[in-house]
Amino acid sequence: LSGRVVTAQFVPQRQDLHDVVQSVGTEEGRSGGQNTWIIDQLLPNDVLVVDLFGKIHDGTFIGDNLSTAARRRTGTGMVIHGGIRDYARILEMTDYPVYCRGVDPTAIAEVTLVGVNIPIMIGNATVMPGDIVLGTREGLTFVPPHLAEEVVLHSEDTRQRDVFGKDTLDKGTYTSGEIDVPVWAAHIEADYKAWCEASGIEYSAKH
């Protein structure tokens, strides 16, 4: 999963607040539930990141239909600090990863949308609209856009060093104590530089 973050925040329903939000939506010509309002305005490469305060029962932000709509509009995926339903059908969308807190058959209820494209909290991360999100099997990383290039370059250097280090461990060239350290000894760094040159990979010195 990767793309540009669009944030949304929900809170437990309080009727006076909910009525105001609903009236604003009606005046703007919005239809359907408040979760559909956000999906209907997504653009290609957007990744909707939803703070649903961890609610799972009656907190299923999407099911089969809404995930299909979001997939068509964005082509990316979704992050939900809350629940989803229609899990089996969503899993069939192998090109549309959905990260969530849990699965439940209930529909979304008793929540109110209080913000779109505002700072939110997902896990221990503060997430801003416009951030770059990267999702893997290990979890999610949110990158401020002004740091994206630096992060990509640094992560690629780390990946290349991991490939080299694993190869030397597999061959028995070096020990785990020599490789699994923050800074390699000078002779190992020299070997890594030579490996980069032989592999046609740009070498970057460790800082």
# chains A, B, ... in the order shown; residues from 1 in each chain; ligands from 1
call {"tool": "residues_around", "arguments": {"residues": "Val11 (chain A)", "least_positions_apart": "4", "cutoff": "10 Å", "atoms": "only C-alpha atoms", "output": "VMD selection string"}}
result
chain A and resid 18 51 to 53 55 110 to 115
call {"tool": "residues_around", "arguments": {"residues": "region 145-153 of chain A", "least_positions_apart": "5", "cutoff": "7 Å", "atoms": "only C-alpha atoms", "output": "number ranges by chain"}}
result
A: 130-132
call {"tool": "atom_distance", "arguments": {"atom1": "CA of Val50 (chain A)", "atom2": "CA of Ile122 (chain A)"}}
result
8.2 Å
call {"tool": "select_by_dssp", "arguments": {"residues": "chain A", "states": "alpha helix (DSSP H)", "output": "MDAnalysis selection string"}}
result
chainID A and resid 15:27 34:39 64:74 87:91 148:171 176:179 186:199
call {"tool": "residues_around", "arguments": {"residues": "Ile179 (chain A)", "least_positions_apart": "6", "cutoff": "9 Å", "atoms": "only C-alpha atoms", "output": "PDB file with C-alpha atoms, in the first residue's frame"}}
result
ATOM      1  CA  GLY A 165      25.110  -8.458   4.911  1.00  0.00           C
ATOM      2  CA  LYS A 166      22.813 -11.448   4.512  1.00  0.00           C
ATOM      3  CA  THR A 168      28.136 -12.536   3.666  1.00  0.00           C
ATOM      4  CA  LEU A 169      26.470 -14.326   6.581  1.00  0.00           C
ATOM      5  CA  ALA A 185      34.442  -2.064  10.419  1.00  0.00           C
ATOM      6  CA  ILE A 188      33.731  -4.655   5.718  1.00  0.00           C
TER       7      ILE A 188
END
call {"tool": "residues_around", "arguments": {"residues": "region 193-199 of chain A", "least_positions_apart": "3", "cutoff": "12 Å", "atoms": "only C-alpha atoms", "output": "JSON list (two decimals) with C-alpha atoms, in the first residue's frame"}}
result
[["chain", "number", "residue", "atom", "x", "y", "z"],
["A", 157, "ASP", "CA", 20.66, 2.14, 1.18],
["A", 160, "GLN", "CA", 21.11, -2.82, -0.12],
["A", 161, "ARG", "CA", 23.21, -3.18, 3.01],
["A", 163, "VAL", "CA", 21.23, -7.80, 1.02],
["A", 164, "PHE", "CA", 25.03, -7.58, 1.22],
["A", 165, "GLY", "CA", 25.11, -8.46, 4.91],
["A", 167, "ASP", "CA", 24.92, -12.72, 1.62],
["A", 168, "THR", "CA", 28.14, -12.54, 3.67],
["A", 184, "TRP", "CA", 30.70, -1.81, 9.99],
["A", 186, "ALA", "CA", 36.48, -0.33, 7.72],
["A", 187, "HIS", "CA", 37.39, -3.55, 5.88],
["A", 188, "ILE", "CA", 33.73, -4.66, 5.72],
["A", 189, "GLU", "CA", 32.67, -1.22, 4.49],
["A", 190, "ALA", "CA", 35.36, -1.47, 1.80],
["A", 202, "GLU", "CA", 25.33, 3.47, -6.31],
["A", 203, "TYR", "CA", 27.39, 3.39, -3.14],
["A", 204, "SER", "CA", 26.47, 5.60, -0.20],
["A", 205, "ALA", "CA", 28.71, 5.86, 2.84],
["A", 206, "LYS", "CA", 27.08, 5.11, 6.18]]
call {"tool": "closest_residue", "arguments": {"among": "A:Gly139, A:Gly32, A:Arg73, A:Val127", "to": "Tyr99 (chain A)", "atoms": "only C-alpha atoms"}}
result
A:Gly139
call {"tool": "atom_distance", "arguments": {"atom1": "CA of Thr141 (chain A)", "atom2": "CA of Tyr192 (chain A)"}}
result
27.9 Å
call {"tool": "residues_around", "arguments": {"residues": "Leu48 (chain A)", "least_positions_apart": "2", "cutoff": "7 Å", "atoms": "only C-alpha atoms", "output": "list in words"}}
result
Val5, Val6, Thr7, Asp46, Val50, Met78 and Val79 of chain A
call {"tool": "select_by_dssp", "arguments": {"residues": "chain A", "states": "strand (DSSP E or B)", "output": "ChimeraX atom specification"}}
result
/A:2-12,46-62,78-84,98-103,111-116,120-122,125-127,132-136,139-143
call {"tool": "write_last_selection", "arguments": {"atoms": "C-alpha atoms", "output": "PDB file, in the first residue's frame"}}
result
ATOM      1  CA  SER A   2       1.293   3.431  -0.890  1.00  0.00           C
ATOM      2  CA  GLY A   3      -0.231   6.780  -1.708  1.00  0.00           C
ATOM      3  CA  ARG A   4      -1.197  10.248  -0.574  1.00  0.00           C
ATOM      4  CA  VAL A   5      -3.066  10.444   2.732  1.00  0.00           C
ATOM      5  CA  VAL A   6      -6.577  11.813   3.060  1.00  0.00           C
ATOM      6  CA  THR A   7      -7.613  11.818   6.717  1.00  0.00           C
ATOM      7  CA  ALA A   8     -11.025  11.495   8.346  1.00  0.00           C
ATOM      8  CA  GLN A   9     -11.986  11.564  11.994  1.00  0.00           C
ATOM      9  CA  PHE A  10     -15.093  10.176  13.676  1.00  0.00           C
ATOM     10  CA  VAL A  11     -16.245  10.452  17.284  1.00  0.00           C
ATOM     11  CA  PRO A  12     -18.924   8.600  19.259  1.00  0.00           C
ATOM     12  CA  ASP A  46      -5.429   8.938  -2.428  1.00  0.00           C
ATOM     13  CA  VAL A  47      -5.301   6.629   0.583  1.00  0.00           C
ATOM     14  CA  LEU A  48      -8.141   7.250   3.014  1.00  0.00           C
ATOM     15  CA  VAL A  49      -6.901   7.019   6.612  1.00  0.00           C
ATOM     16  CA  VAL A  50      -9.783   6.914   9.084  1.00  0.00           C
ATOM     17  CA  ASP A  51      -9.645   7.484  12.829  1.00  0.00           C
ATOM     18  CA  LEU A  52     -12.686   5.552  14.067  1.00  0.00           C
ATOM     19  CA  PHE A  53     -11.287   5.459  17.626  1.00  0.00           C
ATOM     20  CA  GLY A  54     -10.782   1.682  17.404  1.00  0.00           C
ATOM     21  CA  LYS A  55     -14.484   0.869  17.182  1.00  0.00           C
ATOM     22  CA  ILE A  56     -15.204  -2.518  15.611  1.00  0.00           C
ATOM     23  CA  HIS A  57     -18.748  -3.573  16.598  1.00  0.00           C
ATOM     24  CA  ASP A  58     -21.008  -1.027  14.887  1.00  0.00           C
ATOM     25  CA  GLY A  59     -17.770   0.545  13.693  1.00  0.00           C
ATOM     26  CA  THR A  60     -17.335  -1.060  10.272  1.00  0.00           C
ATOM     27  CA  PHE A  61     -16.337   1.824   8.020  1.00  0.00           C
ATOM     28  CA  ILE A  62     -16.551  -0.150   4.796  1.00  0.00           C
ATOM     29  CA  MET A  78      -7.337   2.149   2.929  1.00  0.00           C
ATOM     30  CA  VAL A  79      -6.358   2.415   6.597  1.00  0.00           C
ATOM     31  CA  ILE A  80      -9.082   2.213   9.252  1.00  0.00           C
ATOM     32  CA  HIS A  81      -8.569   2.559  12.989  1.00  0.00           C
ATOM     33  CA  GLY A  82     -11.828   0.676  13.373  1.00  0.00           C
ATOM     34  CA  GLY A  83     -13.639  -2.212  11.742  1.00  0.00           C
ATOM     35  CA  ILE A  84     -14.728  -3.557   8.373  1.00  0.00           C
ATOM     36  CA  VAL A  98      -7.187  -2.633   3.668  1.00  0.00           C
ATOM     37  CA  TYR A  99      -5.607  -2.214   7.091  1.00  0.00           C
ATOM     38  CA  CYS A 100      -8.082  -2.307   9.977  1.00  0.00           C
ATOM     39  CA  ARG A 101      -8.434  -3.113  13.687  1.00  0.00           C
ATOM     40  CA  GLY A 102     -10.964  -5.896  13.307  1.00  0.00           C
ATOM     41  CA  VAL A 103     -13.865  -7.498  11.453  1.00  0.00           C
ATOM     42  CA  VAL A 111     -20.640   7.730  15.101  1.00  0.00           C
ATOM     43  CA  THR A 112     -20.230  11.225  13.687  1.00  0.00           C
ATOM     44  CA  LEU A 113     -17.784  12.591  11.133  1.00  0.00           C
ATOM     45  CA  VAL A 114     -16.082  15.624  12.670  1.00  0.00           C
ATOM     46  CA  GLY A 115     -13.181  16.298  10.355  1.00  0.00           C
ATOM     47  CA  VAL A 116     -11.701  15.632   6.918  1.00  0.00           C
ATOM     48  CA  ILE A 120      -5.416  12.490  13.349  1.00  0.00           C
ATOM     49  CA  MET A 121      -3.810   9.733  15.421  1.00  0.00           C
ATOM     50  CA  ILE A 122      -3.364   6.185  14.137  1.00  0.00           C
ATOM     51  CA  ALA A 125       1.520   8.084  14.917  1.00  0.00           C
ATOM     52  CA  THR A 126       0.274  11.578  14.229  1.00  0.00           C
ATOM     53  CA  VAL A 127      -0.963  11.522  10.637  1.00  0.00           C
ATOM     54  CA  ILE A 132       2.868   9.522   2.176  1.00  0.00           C
ATOM     55  CA  VAL A 133       1.731   6.199   3.634  1.00  0.00           C
ATOM     56  CA  LEU A 134       3.583   2.938   3.104  1.00  0.00           C
ATOM     57  CA  GLY A 135       1.906  -0.273   4.202  1.00  0.00           C
ATOM     58  CA  THR A 136       3.596  -3.684   4.344  1.00  0.00           C
ATOM     59  CA  GLY A 139       2.605  -2.448   9.476  1.00  0.00           C
ATOM     60  CA  LEU A 140       2.268   1.167   8.394  1.00  0.00           C
ATOM     61  CA  THR A 141       4.670   4.072   8.042  1.00  0.00           C
ATOM     62  CA  PHE A 142       3.550   7.669   7.541  1.00  0.00           C
ATOM     63  CA  VAL A 143       6.111   9.987   5.961  1.00  0.00           C
TER      64      VAL A 143
END
call {"tool": "atom_distance", "arguments": {"atom1": "CA of Asp104 (chain A)", "atom2": "CA of Gly75 (chain A)"}}
result
24.4 Å
